[in-house]
2 protein chains.
Amino acid sequence: MRLVVPVSGSDPKTRLTTVLSPDERRGFTEAMLADVVDAVTAAGHEPDVISTAPLDCAAPVTIDDRGLDPLVNDLLTATVTDDESALAVVMADLPLVTQESIERLFTPDADVVLAPGLGGGTNAFVCRHPEFRVDYHGASIRDHRRIAQEVGAETVEVDSRRLATDIDEPADLAEVLLHSDGAAADWLADAGFSLSLTDGRVTVSRE
Amino acid sequence: MRLVVPVSGSDPKTRLTTVLSPDERRGFTEAMLADVVDAVTAAGHEPDVISTAPLDCAAPVTIDDRGLDPLVNDLLTATVTDDESALAVVMADLPLVTQESIERLFTPDADVVLAPGLGGGTNAFVCRHPEFRVDYHGASIRDHRRIAQEVGAETVEVDSRRLATDIDEPADLAEVLLHSDGAAADWLADAGFSLSLTDGRVTVSRE
């Protein structure tokens with residue numbers, strides 16, 4: 001089983017531009033990555049981080065500036081060569097993940113295990129089928145269900161809020177402060193973010 | 001174990017006003033409620049639906065126009081009188097729930113089991129502790145953690161995307177079309193809604 005954490009290190013998290021400077025987006029990206037690496041390591045895996053540009057990380061980082069689809073599909077081709085081999089891919093912007101939520105990804109003994117993200121993405125998967133390929137563009141969870149079906153791969157989905165919560169937009173930051181005490185939550189608190197109630201809805205504000 | 005599904009039947013889902021007429025908001029609310037009642041029933045429970053106004057529903061409906069906090073706190077007082085009794089409350093706007101996700105709510109044998117909603121809400125809970133009370137205002141999951149701690153109740157949280165996904169805003173509708181084939185998904189399709197890709201993000205459009 002190989003476990004890869006791909007991350008965009010060059011100009012990460014552009015949808016947070018309204019609330020974070022470029023340097024802050026990089027720092028917050030590294031903090032989220034640290035949470036993912038911690039959870040994956042606690043679950044007994046040795047993550048390979050593959051970044052488009054150099055990043056600070058406790059795990060080994062390989063630089064590869066290809067897009068996500070060619071990168072992951074090449075990894076699938078190279079890694080999942082028979083029924084005994086497997087590749088797991090866990091996104092780097094999931095600071096709510098815990099040892100338990102990562103373990104749930106590996107519990108089903110299916111050809112393909114998908115962890116849907118909010119908004120139609122695919123935040124993590126395990127592949128044990130040599131013909132499965134990814135297509136992260138658009139509503140990727142639908143494409144991944146279809147691709148798995150087309151190659152005859154038995155597919156299971158993991159029902160995890162922690163795996164589903166990828167942090168892309170300012171509104172997502174509240175989830176980190178509500179449900180994590182890891183590196184990303186510490187980073188946000190240090191940067192002056194706190195929870196705020198607006199019109200009965202929970203959001204974040206900054207000092 | 002008593003299982004209650006509270007629902008606002010009078011002017012439901014006002015944050016969907018921009019995309020649904022008042023009659024449509026009522027119809028969609030009934031469809032989401034049907035999905036919740038189906039999942040709860042499939043998991044072996046007999047739900048009591050408590051609505052602020054009459055609604056179509058396959059389960060028995062009691063009309064009670066009190067706010068959510070006094071209603072649920074009175075139910076807790078009346079139902080959870082000792083260590084052998086329990087009350088479960090499952091919100092009515094969770095059309096992604098399945099038999100399995102409802103069963104996960106009842107798996108931990110803790111005093112209080114909380115299912116967090118996205119945005120800081122509490123979408124479902126099971127209470128086996130006579131002193132636990134609710135406060136749904138604001139970031140209720142934090143208040144419920146605090147209240148449970150104050151009364152010395154052992155608390156477990158269920159990590160379920162399906163229980164976490166309450167449908168309040170137009171953007172939430174995409175989750176229904178992506179992850180359900182129940183009554184609410186059928187209702188949306190019949191009303192002309194379909195998934196749509198805008199700037200690489202998944203949303204819904206209407207014919």
# chains A, B, ... in the order shown; residues from 1 in each chain; ligands from 1
$ interface_residues --of "chain B" --to "chain A" --cutoff "7 Å" --atoms "only C-alpha atoms" --output "MDAnalysis selection string"
chainID B and resid 119:120 138:139 159:162 164 175 178 197 200:202
$ atom_distance --atom1 "atom CA of Val80 of chain A" --atom2 "atom CA of Gly44 of chain A"
19.9 Å
$ residues_around --residues "Ser51 of chain B" --least-positions-apart "3" --cutoff "9 Å" --atoms "only C-alpha atoms" --output "number ranges by chain"
B: 5-10, 54-55, 61-65
$ write_last_selection --atoms "N, CA, C and O atoms" --output "PDB file, in the first residue's frame"
ATOM      1  N   VAL B   5     -38.641  13.560  15.299  1.00  0.00           N
ATOM      2  CA  VAL B   5     -38.177  14.370  14.161  1.00  0.00           C
ATOM      3  C   VAL B   5     -38.944  15.698  14.204  1.00  0.00           C
ATOM      4  O   VAL B   5     -40.108  15.754  13.810  1.00  0.00           O
ATOM      5  N   PRO B   6     -38.312  16.771  14.716  1.00  0.00           N
ATOM      6  CA  PRO B   6     -38.987  18.069  14.714  1.00  0.00           C
ATOM      7  C   PRO B   6     -38.885  18.716  13.333  1.00  0.00           C
ATOM      8  O   PRO B   6     -37.864  18.587  12.657  1.00  0.00           O
ATOM      9  N   VAL B   7     -39.940  19.405  12.940  1.00  0.00           N
ATOM     10  CA  VAL B   7     -39.905  20.046  11.616  1.00  0.00           C
ATOM     11  C   VAL B   7     -40.691  21.357  11.685  1.00  0.00           C
ATOM     12  O   VAL B   7     -41.698  21.456  12.395  1.00  0.00           O
ATOM     13  N   SER B   8     -40.175  22.350  10.983  1.00  0.00           N
ATOM     14  CA  SER B   8     -40.887  23.622  10.885  1.00  0.00           C
ATOM     15  C   SER B   8     -41.839  23.521   9.699  1.00  0.00           C
ATOM     16  O   SER B   8     -41.414  23.488   8.549  1.00  0.00           O
ATOM     17  N   GLY B   9     -43.135  23.470   9.994  1.00  0.00           N
ATOM     18  CA  GLY B   9     -44.113  23.283   8.919  1.00  0.00           C
ATOM     19  C   GLY B   9     -44.778  24.562   8.456  1.00  0.00           C
ATOM     20  O   GLY B   9     -45.460  24.590   7.431  1.00  0.00           O
ATOM     21  N   SER B  10     -44.566  25.650   9.182  1.00  0.00           N
ATOM     22  CA  SER B  10     -45.326  26.876   8.882  1.00  0.00           C
ATOM     23  C   SER B  10     -44.747  27.653   7.693  1.00  0.00           C
ATOM     24  O   SER B  10     -45.413  27.838   6.682  1.00  0.00           O
ATOM     25  N   PRO B  54     -49.504  21.650  10.132  1.00  0.00           N
ATOM     26  CA  PRO B  54     -49.784  20.379   9.452  1.00  0.00           C
ATOM     27  C   PRO B  54     -48.890  20.155   8.229  1.00  0.00           C
ATOM     28  O   PRO B  54     -48.599  21.089   7.477  1.00  0.00           O
ATOM     29  N   LEU B  55     -48.482  18.910   8.044  1.00  0.00           N
ATOM     30  CA  LEU B  55     -47.601  18.518   6.939  1.00  0.00           C
ATOM     31  C   LEU B  55     -47.999  17.112   6.492  1.00  0.00           C
ATOM     32  O   LEU B  55     -48.400  16.301   7.325  1.00  0.00           O
ATOM     33  N   VAL B  61     -47.959  12.655  12.841  1.00  0.00           N
ATOM     34  CA  VAL B  61     -47.509  14.030  13.022  1.00  0.00           C
ATOM     35  C   VAL B  61     -48.276  14.666  14.179  1.00  0.00           C
ATOM     36  O   VAL B  61     -49.501  14.650  14.204  1.00  0.00           O
ATOM     37  N   THR B  62     -47.536  15.198  15.152  1.00  0.00           N
ATOM     38  CA  THR B  62     -48.127  15.985  16.230  1.00  0.00           C
ATOM     39  C   THR B  62     -47.849  17.453  15.936  1.00  0.00           C
ATOM     40  O   THR B  62     -46.742  17.795  15.516  1.00  0.00           O
ATOM     41  N   ILE B  63     -48.856  18.294  16.142  1.00  0.00           N
ATOM     42  CA  ILE B  63     -48.648  19.730  15.933  1.00  0.00           C
ATOM     43  C   ILE B  63     -48.259  20.367  17.269  1.00  0.00           C
ATOM     44  O   ILE B  63     -48.920  20.158  18.283  1.00  0.00           O
ATOM     45  N   ASP B  64     -47.185  21.127  17.224  1.00  0.00           N
ATOM     46  CA  ASP B  64     -46.707  21.827  18.422  1.00  0.00           C
ATOM     47  C   ASP B  64     -45.962  23.062  17.926  1.00  0.00           C
ATOM     48  O   ASP B  64     -44.945  22.938  17.241  1.00  0.00           O
ATOM     49  N   ASP B  65     -46.485  24.239  18.254  1.00  0.00           N
ATOM     50  CA  ASP B  65     -45.903  25.433  17.639  1.00  0.00           C
ATOM     51  C   ASP B  65     -44.843  26.094  18.503  1.00  0.00           C
ATOM     52  O   ASP B  65     -44.433  27.224  18.242  1.00  0.00           O
TER      53      ASP B  65
END
$ residues_around --residues "Thr77 of chain B" --least-positions-apart "3" --cutoff "12 Å" --atoms "only C-alpha atoms" --output "PyMOL selection string"
chain B and resi 70-74+80-82+85-87+127-134
$ write_last_selection --atoms "N, CA and C atoms" --output "short mmCIF file (atom, residue, chain, number, x, y, z; two decimals), in the first residue's frame"
data_model
loop_
_atom_site.label_atom_id
_atom_site.label_comp_id
_atom_site.auth_asym_id
_atom_site.auth_seq_id
_atom_site.Cartn_x
_atom_site.Cartn_y
_atom_site.Cartn_z
N PRO B 70 -37.51 24.91 23.70
CA PRO B 70 -38.48 24.45 24.71
C PRO B 70 -39.09 23.09 24.36
N LEU B 71 -39.35 22.86 23.08
CA LEU B 71 -39.92 21.57 22.69
C LEU B 71 -39.00 20.42 23.06
N VAL B 72 -37.74 20.50 22.62
CA VAL B 72 -36.82 19.39 22.84
C VAL B 72 -36.46 19.27 24.32
N ASN B 73 -36.32 20.38 25.00
CA ASN B 73 -35.99 20.29 26.42
C ASN B 73 -37.14 19.69 27.23
N ASP B 74 -38.39 19.99 26.86
CA ASP B 74 -39.52 19.33 27.53
C ASP B 74 -39.53 17.83 27.22
N VAL B 80 -36.21 11.22 29.29
CA VAL B 80 -34.96 10.66 29.82
C VAL B 80 -34.98 10.82 31.34
N THR B 81 -35.67 9.92 31.99
CA THR B 81 -35.89 10.05 33.44
C THR B 81 -34.90 9.22 34.24
N ASP B 82 -34.23 8.27 33.60
CA ASP B 82 -33.25 7.45 34.31
C ASP B 82 -32.24 6.91 33.29
N SER B 85 -33.64 5.02 30.06
CA SER B 85 -34.46 5.68 29.03
C SER B 85 -33.58 6.54 28.12
N ALA B 86 -34.08 6.81 26.93
CA ALA B 86 -33.29 7.57 25.96
C ALA B 86 -34.20 8.31 25.00
N LEU B 87 -33.70 9.44 24.53
CA LEU B 87 -34.40 10.21 23.50
C LEU B 87 -33.42 10.48 22.36
N CYS B 127 -29.70 11.02 23.56
CA CYS B 127 -29.41 11.38 24.95
C CYS B 127 -29.88 10.27 25.88
N ARG B 128 -28.95 9.80 26.72
CA ARG B 128 -29.26 8.81 27.75
C ARG B 128 -28.93 9.36 29.13
N HIS B 129 -28.78 10.68 29.24
CA HIS B 129 -28.40 11.32 30.51
C HIS B 129 -29.51 12.27 30.95
N PRO B 130 -30.05 12.11 32.17
CA PRO B 130 -31.23 12.87 32.58
C PRO B 130 -31.03 14.38 32.65
N GLU B 131 -29.78 14.84 32.69
CA GLU B 131 -29.56 16.28 32.89
C GLU B 131 -29.16 17.03 31.63
N PHE B 132 -28.92 16.33 30.55
CA PHE B 132 -28.51 17.02 29.32
C PHE B 132 -29.68 17.85 28.76
N ARG B 133 -29.39 19.07 28.33
CA ARG B 133 -30.39 19.93 27.70
C ARG B 133 -29.82 20.52 26.42
N VAL B 134 -30.69 21.05 25.55
CA VAL B 134 -30.24 21.59 24.26
C VAL B 134 -30.32 23.11 24.23
#
$ select_by_dssp --residues "segment 32-188 of chain B" --states "helix (DSSP H, G or I)" --output "PyMOL selection string"
chain B and resi 32-42+68-79+99-106+140-150+161-164+170-179+183-188
$ atom_distance --atom1 "atom CA of Glu169 of chain A" --atom2 "atom CA of Lys13 of chain A"
8.1 Å
$ select_by_dssp --residues "segment 3-181 of chain A" --states "strand (DSSP E)" --output "PyMOL selection string"
chain A and resi 3-7+47-51+61-63+87-90+112-116+122-127+155-157
$ residues_around --residues "Glu103 of chain A" --least-positions-apart "4" --cutoff "10 Å" --atoms "only C-alpha atoms" --output "PyMOL selection string"
chain A and resi 39-40+42-45+98-99+107-108
$ atom_distance --atom1 "atom CA of Asp56 of chain B" --atom2 "atom CA of Ala191 of chain B"
18.3 Å
$ residues_around --residues "Leu3 of chain B" --least-positions-apart "2" --cutoff "6 Å" --atoms "only C-alpha atoms" --output "VMD selection string"
chain B and resid 47 87 to 89
$ write_last_selection --atoms "N, CA, C and O atoms" --output "JSON list (two decimals), in the first residue's frame"
[["chain", "number", "residue", "atom", "x", "y", "z"],
["B", 47, "PRO", "N", -40.59, 6.77, 14.19],
["B", 47, "PRO", "CA", -40.40, 8.19, 14.45],
["B", 47, "PRO", "C", -41.71, 8.90, 14.81],
["B", 47, "PRO", "O", -42.76, 8.63, 14.25],
["B", 87, "LEU", "N", -33.70, 9.44, 24.53],
["B", 87, "LEU", "CA", -34.40, 10.21, 23.50],
["B", 87, "LEU", "C", -33.42, 10.48, 22.36],
["B", 87, "LEU", "O", -32.28, 10.88, 22.60],
["B", 88, "ALA", "N", -33.89, 10.25, 21.14],
["B", 88, "ALA", "CA", -33.12, 10.63, 19.97],
["B", 88, "ALA", "C", -33.89, 11.71, 19.22],
["B", 88, "ALA", "O", -35.11, 11.64, 19.10],
["B", 89, "VAL", "N", -33.16, 12.72, 18.75],
["B", 89, "VAL", "CA", -33.77, 13.78, 17.95],
["B", 89, "VAL", "C", -32.99, 13.87, 16.64],
["B", 89, "VAL", "O", -31.76, 14.02, 16.64]]
$ closest_residue --among "B:Asn123, B:Thr155, B:Ser21, B:Thr79" --to "Ala92 of chain B" --atoms "only C-alpha atoms"
B:Asn123
$ closest_residue --among "A:Ala58, A:Met91, A:Ile167, A:Ala78" --to "Phe125 of chain A" --atoms "only C-alpha atoms"
A:Met91
$ closest_residue --among "A:Ser194, A:Thr122, A:Thr41, A:Thr14" --to "Glu157 of chain A" --atoms "only C-alpha atoms"
A:Thr122
$ residues_around --residues "Ala153 of chain A" --least-positions-apart "4" --cutoff "7 Å" --atoms "only C-alpha atoms" --output "list of chain:residue names"
A:Asp111, A:Val112, A:His129, A:Ala148, A:Gln149
